[in-house]
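S.K.: Hey, dropping run.txt in here, compact mmCIF, C-alpha atoms:
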# COMPACT_ATOMS: atom_id res chain seq x y z
CA MET M 1 -42.81 3.68 18.32
CA SER M 2 -46.08 3.39 16.37
CA GLU M 3 -44.17 2.46 13.19
CA ARG M 4 -42.38 -0.29 15.11
CA GLY M 5 -45.65 -1.43 16.70
CA GLY M 6 -47.30 -1.52 13.29
CA ARG M 7 -44.43 -3.55 11.87
CA LEU M 8 -44.62 -5.95 14.81
CA ARG M 9 -48.39 -6.31 14.37
CA GLY M 10 -47.85 -7.01 10.66
CA GLN M 11 -45.26 -9.68 11.41
CA LEU M 12 -47.53 -11.25 14.02
CA HIS M 13 -50.46 -11.23 11.58
CA GLN M 14 -48.25 -12.87 8.93
CA LEU M 15 -47.11 -15.55 11.41
CA VAL M 16 -50.72 -16.26 12.44
CA ARG M 17 -51.70 -16.66 8.76
CA GLU M 18 -48.73 -18.98 8.19
CA VAL M 19 -49.58 -21.10 11.23
CA ALA M 20 -53.22 -21.30 10.08
CA LYS M 21 -52.23 -22.41 6.57
CA PHE M 22 -49.66 -24.85 7.96
CA GLY M 23 -52.38 -26.19 10.27
CA ALA M 24 -54.87 -26.59 7.42
CA VAL M 25 -52.42 -28.59 5.31
CA GLY M 26 -51.16 -30.45 8.37
CA GLY M 27 -54.73 -31.26 9.45
CA ALA M 28 -55.51 -32.71 6.05
CA GLY M 29 -52.18 -34.58 6.15
CA LEU M 30 -53.09 -35.88 9.62
CA LEU M 31 -56.33 -37.31 8.23
CA VAL M 32 -54.44 -38.91 5.32
CA ASN M 33 -51.85 -40.31 7.73
CA LEU M 34 -54.40 -41.79 10.16
CA ALA M 35 -56.65 -43.10 7.37
CA VAL M 36 -53.79 -44.90 5.61
CA PHE M 37 -52.47 -46.16 8.96
CA ASN M 38 -55.80 -47.67 9.97
CA LEU M 39 -56.52 -49.09 6.53
CA VAL M 40 -53.12 -50.78 6.33
CA ARG M 41 -53.35 -51.94 9.93
CA HIS M 42 -56.80 -53.48 9.55
CA LEU M 43 -56.59 -54.79 5.99
CA THR M 44 -53.11 -56.32 6.10
CA GLU M 45 -50.85 -58.23 8.43
CA ILE M 46 -48.17 -55.52 8.36
CA PRO M 47 -46.91 -54.81 11.91
CA VAL M 48 -48.10 -51.60 13.54
CA VAL M 49 -44.93 -49.51 13.26
CA ARG M 50 -44.34 -50.52 9.64
CA ALA M 51 -47.94 -49.60 8.84
CA SER M 52 -47.34 -46.28 10.52
CA ILE M 53 -44.15 -45.63 8.53
CA LEU M 54 -46.00 -46.36 5.28
CA ALA M 55 -48.80 -43.99 6.30
CA THR M 56 -46.29 -41.30 7.25
CA ILE M 57 -44.61 -41.54 3.83
CA VAL M 58 -47.95 -41.11 2.06
CA ALA M 59 -48.73 -38.10 4.28
CA ILE M 60 -45.29 -36.58 3.59
CA ALA M 61 -45.97 -36.64 -0.17
CA PHE M 62 -49.44 -35.15 0.37
CA ASN M 63 -48.06 -32.44 2.67
CA TYR M 64 -45.28 -31.39 0.30
CA VAL M 65 -47.82 -30.54 -2.37
CA GLY M 66 -49.97 -28.65 0.14
CA PHE M 67 -47.08 -26.73 1.67
CA ARG M 68 -45.45 -25.81 -1.65
CA TYR M 69 -48.65 -24.75 -3.46
CA PHE M 70 -50.74 -23.39 -0.56
CA THR M 71 -48.92 -22.57 2.67
CA TYR M 72 -45.62 -21.40 1.20
CA ARG M 73 -46.64 -20.56 -2.37
CA ASP M 74 -45.17 -17.05 -2.00
CA ARG M 75 -41.75 -18.30 -0.89
CA ASP M 76 -38.58 -18.64 -2.93
CA LYS M 77 -39.02 -21.17 -5.74
CA SER M 78 -35.57 -20.89 -7.30
CA GLY M 79 -33.97 -23.98 -5.73
CA ARG M 80 -36.56 -26.74 -6.05
CA THR M 81 -34.00 -29.56 -5.86
CA ARG M 82 -32.53 -28.08 -2.67
CA GLU M 83 -36.02 -27.46 -1.31
CA LEU M 84 -37.21 -31.01 -1.96
CA THR M 85 -33.98 -32.50 -0.59
CA LEU M 86 -34.27 -30.51 2.66
CA PHE M 87 -38.01 -31.25 2.87
CA LEU M 88 -37.35 -34.97 2.62
CA LEU M 89 -34.47 -34.78 5.09
CA PHE M 90 -36.51 -32.93 7.74
CA SER M 91 -39.54 -35.10 6.99
CA ALA M 92 -37.41 -38.19 7.62
CA VAL M 93 -36.40 -36.77 11.01
CA GLY M 94 -40.09 -36.12 11.70
CA LEU M 95 -40.88 -39.69 10.62
CA VAL M 96 -38.37 -41.02 13.17
CA ILE M 97 -39.80 -38.79 15.93
CA GLU M 98 -43.39 -39.71 15.09
CA ASN M 99 -42.82 -43.43 14.80
CA GLY M 100 -40.34 -43.53 17.66
CA VAL M 101 -43.16 -42.54 20.01
CA LEU M 102 -45.36 -45.30 18.58
CA TYR M 103 -42.49 -47.81 18.71
CA ALA M 104 -41.79 -47.01 22.39
CA ALA M 105 -45.47 -47.39 23.29
CA THR M 106 -45.92 -50.59 21.28
CA TYR M 107 -42.72 -52.47 22.01
CA GLY M 108 -41.52 -50.73 25.16
CA PHE M 109 -44.81 -50.77 27.06
CA GLY M 110 -46.86 -53.34 25.13
CA TRP M 111 -49.63 -50.85 24.30
CA ASP M 112 -50.81 -52.36 21.04
CA THR M 113 -54.60 -52.19 20.94
CA PRO M 114 -56.07 -50.23 18.01
CA LEU M 115 -57.08 -47.39 20.37
CA GLN M 116 -53.66 -47.25 22.03
CA SER M 117 -51.89 -47.36 18.67
CA ASN M 118 -53.99 -44.45 17.39
CA ILE M 119 -53.40 -42.42 20.55
CA PHE M 120 -49.63 -42.83 20.36
CA LYS M 121 -49.61 -42.36 16.60
CA PHE M 122 -51.46 -39.06 17.13
CA LEU M 123 -49.12 -38.05 19.97
CA GLY M 124 -46.07 -38.82 17.80
CA ILE M 125 -47.52 -36.76 14.96
CA GLY M 126 -47.99 -33.84 17.38
CA VAL M 127 -44.40 -33.90 18.60
CA ALA M 128 -43.04 -34.30 15.07
CA THR M 129 -45.27 -31.44 13.83
CA LEU M 130 -43.55 -28.96 16.13
CA PHE M 131 -40.18 -29.95 14.69
CA ARG M 132 -41.50 -29.90 11.11
CA PHE M 133 -43.06 -26.44 11.42
CA TRP M 134 -39.81 -24.96 12.69
CA SER M 135 -37.57 -26.74 10.17
CA TYR M 136 -39.79 -26.20 7.10
CA ARG M 137 -40.20 -22.46 7.68
CA THR M 138 -36.56 -21.96 8.67
CA TRP M 139 -34.72 -24.13 6.15
CA VAL M 140 -37.00 -25.49 3.43
CA PHE M 141 -39.51 -22.83 2.36
CA ARG M 142 -37.39 -19.73 2.88
CA ALA M 143 -38.93 -16.28 2.68
CA LEU M 144 -38.02 -14.01 -0.16
CA PRO M 145 -36.32 -10.81 0.98
CA GLY M 146 -38.78 -8.04 1.70
CA ARG M 147 -38.92 -4.82 -0.34
CA ASP M 148 -37.10 -2.90 2.37
CA ALA M 149 -34.32 -5.48 2.51
CA ALA M 150 -33.98 -5.41 -1.28
CA ARG M 151 -33.81 -1.58 -1.30
CA LYS M 152 -31.24 -1.60 1.50
CA ALA M 153 -29.10 -4.15 -0.33
CA ALA M 154 -29.28 -2.09 -3.53
CA SER M 155 -28.21 1.07 -1.68
CA VAL M 156 -25.29 -0.77 -0.05
CA LEU M 157 -24.18 -2.01 -3.46
CA GLU M 158 -24.42 1.52 -4.87
CA GLN M 159 -22.23 2.86 -2.06
CA ARG M 160 -19.56 0.23 -2.64
CA ARG M 161 -19.13 0.90 -6.36
CA PRO M 162 -15.51 1.70 -7.14
CA GLU M 163 -14.63 5.12 -8.51
CA PRO M 164 -13.76 5.14 -12.21
CA VAL M 165 -10.05 4.78 -12.87
CA ARG M 166 -8.50 7.89 -14.40
CA ASP M 167 -5.48 7.85 -16.63
CA ARG M 168 -2.22 9.50 -15.59
CA VAL M 169 -2.94 12.78 -17.31
CA GLY M 170 -5.92 13.35 -14.99
CA ARG M 171 -8.70 12.88 -17.46
Take the structure in the file and write it out as structure tokens.
M.R.:
Amino acid sequence: MSERGGRLRGQLHQLVREVAKFGAVGGAGLLVNLAVFNLVRHLTEIPVVRASILATIVAIAFNYVGFRYFTYRDRDKSGRTRELTLFLLFSAVGLVIENGVLYAATYGFGWDTPLQSNIFKFLGIGVATLFRFWSYRTWVFRALPGRDAARKAASVLEQRRPEPVRDRVGR
């Protein structure tokens, strides 16, 4: 029981560290997202949701670098094309979630003041972040197999090795 409890504590500690790193990168990405959003919104005539989409795209690029080289630097790096493709796919879903909230508030309810736009932008980011955390850790930045799993796989392969074929004379 204590071995299992220790393993569970280790897994919980690892998850807490991952959430903290994800939060650090995500927090910096949030600042990038909101800064670009407000700059574009106040310095151009681009409509609010388009400004938000542009800001989200900039934040996605920023976050990929942070997640790959900080949060998930110890994860499998063998399939970068697959990783980037899935990252962009799940980021696009997050972009739709995030900006869908802002779109509904802006065009559905007419809440378009700078304060209201920032509140709903922030709320959309929060909802999309939950989806992104789950999808990135599950599908994009996959964990490498642990030492125990690698040893177990090696022992299974050893057990399944075919016996050498003997000739008819019995040699």
S.K.: Using all atoms listed in the file, list the residues that have an atom at most 12 Å from (-48.3, -51.2, 12.3), coordinates as in the file, as a ChimeraX atom specification.
M.R.: /M:34,36-56,99,102-103,105-107,112-114,116-118,120-121
S.K.: Which protein, DNA or RNA residues have an atom at most 8 Å from (-50.2, -38.7, 2.8), counting only C-alpha atoms? List them as JSON, numbers by chain.
M.R.: {"M": [29, 30, 32, 33, 36, 55, 56, 57, 58, 59, 60, 61, 62, 63]}
S.K.: CA of Gly23 in chain M and CA of Arg9 in chain M are how many Å apart?
M.R.: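 Pair CA of Gly23 in chain M / CA of Arg9 in chain M returns 20.7 Å.
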S.K.: For Trp139 in chain M, which residue out of M:Phe109, M:Leu89, M:Glu18, M:Gly66 is the nearest one, using only C-alpha atoms?
M.R.: M:Leu89
S.K.: Between M:Asp76, M:Ala143, M:Ile119, M:Tyr136, which has the minimum distance to Gln14 in chain M (counting all atoms listed in the file)?
M.R.: M:Ala143
S.K.: Identify which of the residues M:Ser2, M:Thr85, M:Thr129, M:Ser91 lies closest to Val19 in chain M, counting all atoms listed in the file when measuring atom-to-atom distances.
M.R.: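 Smallest separation from Val19 in chain M among the options: M:Thr129.
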S.K.: To one decimal place, how far is CA of Ile125 in chain M from CA of Glu98 in chain M in Å?
M.R.: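 These atoms are spaced 5.1 Å apart.
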S.K.: Between CA of Leu130 in chain M and CA of Gly79 in chain M, what is the distance in Å, rounded to a tenth?
M.R.: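 Atom-to-atom, CA of Leu130 in chain M to CA of Gly79 in chain M, that is 24.4 Å.
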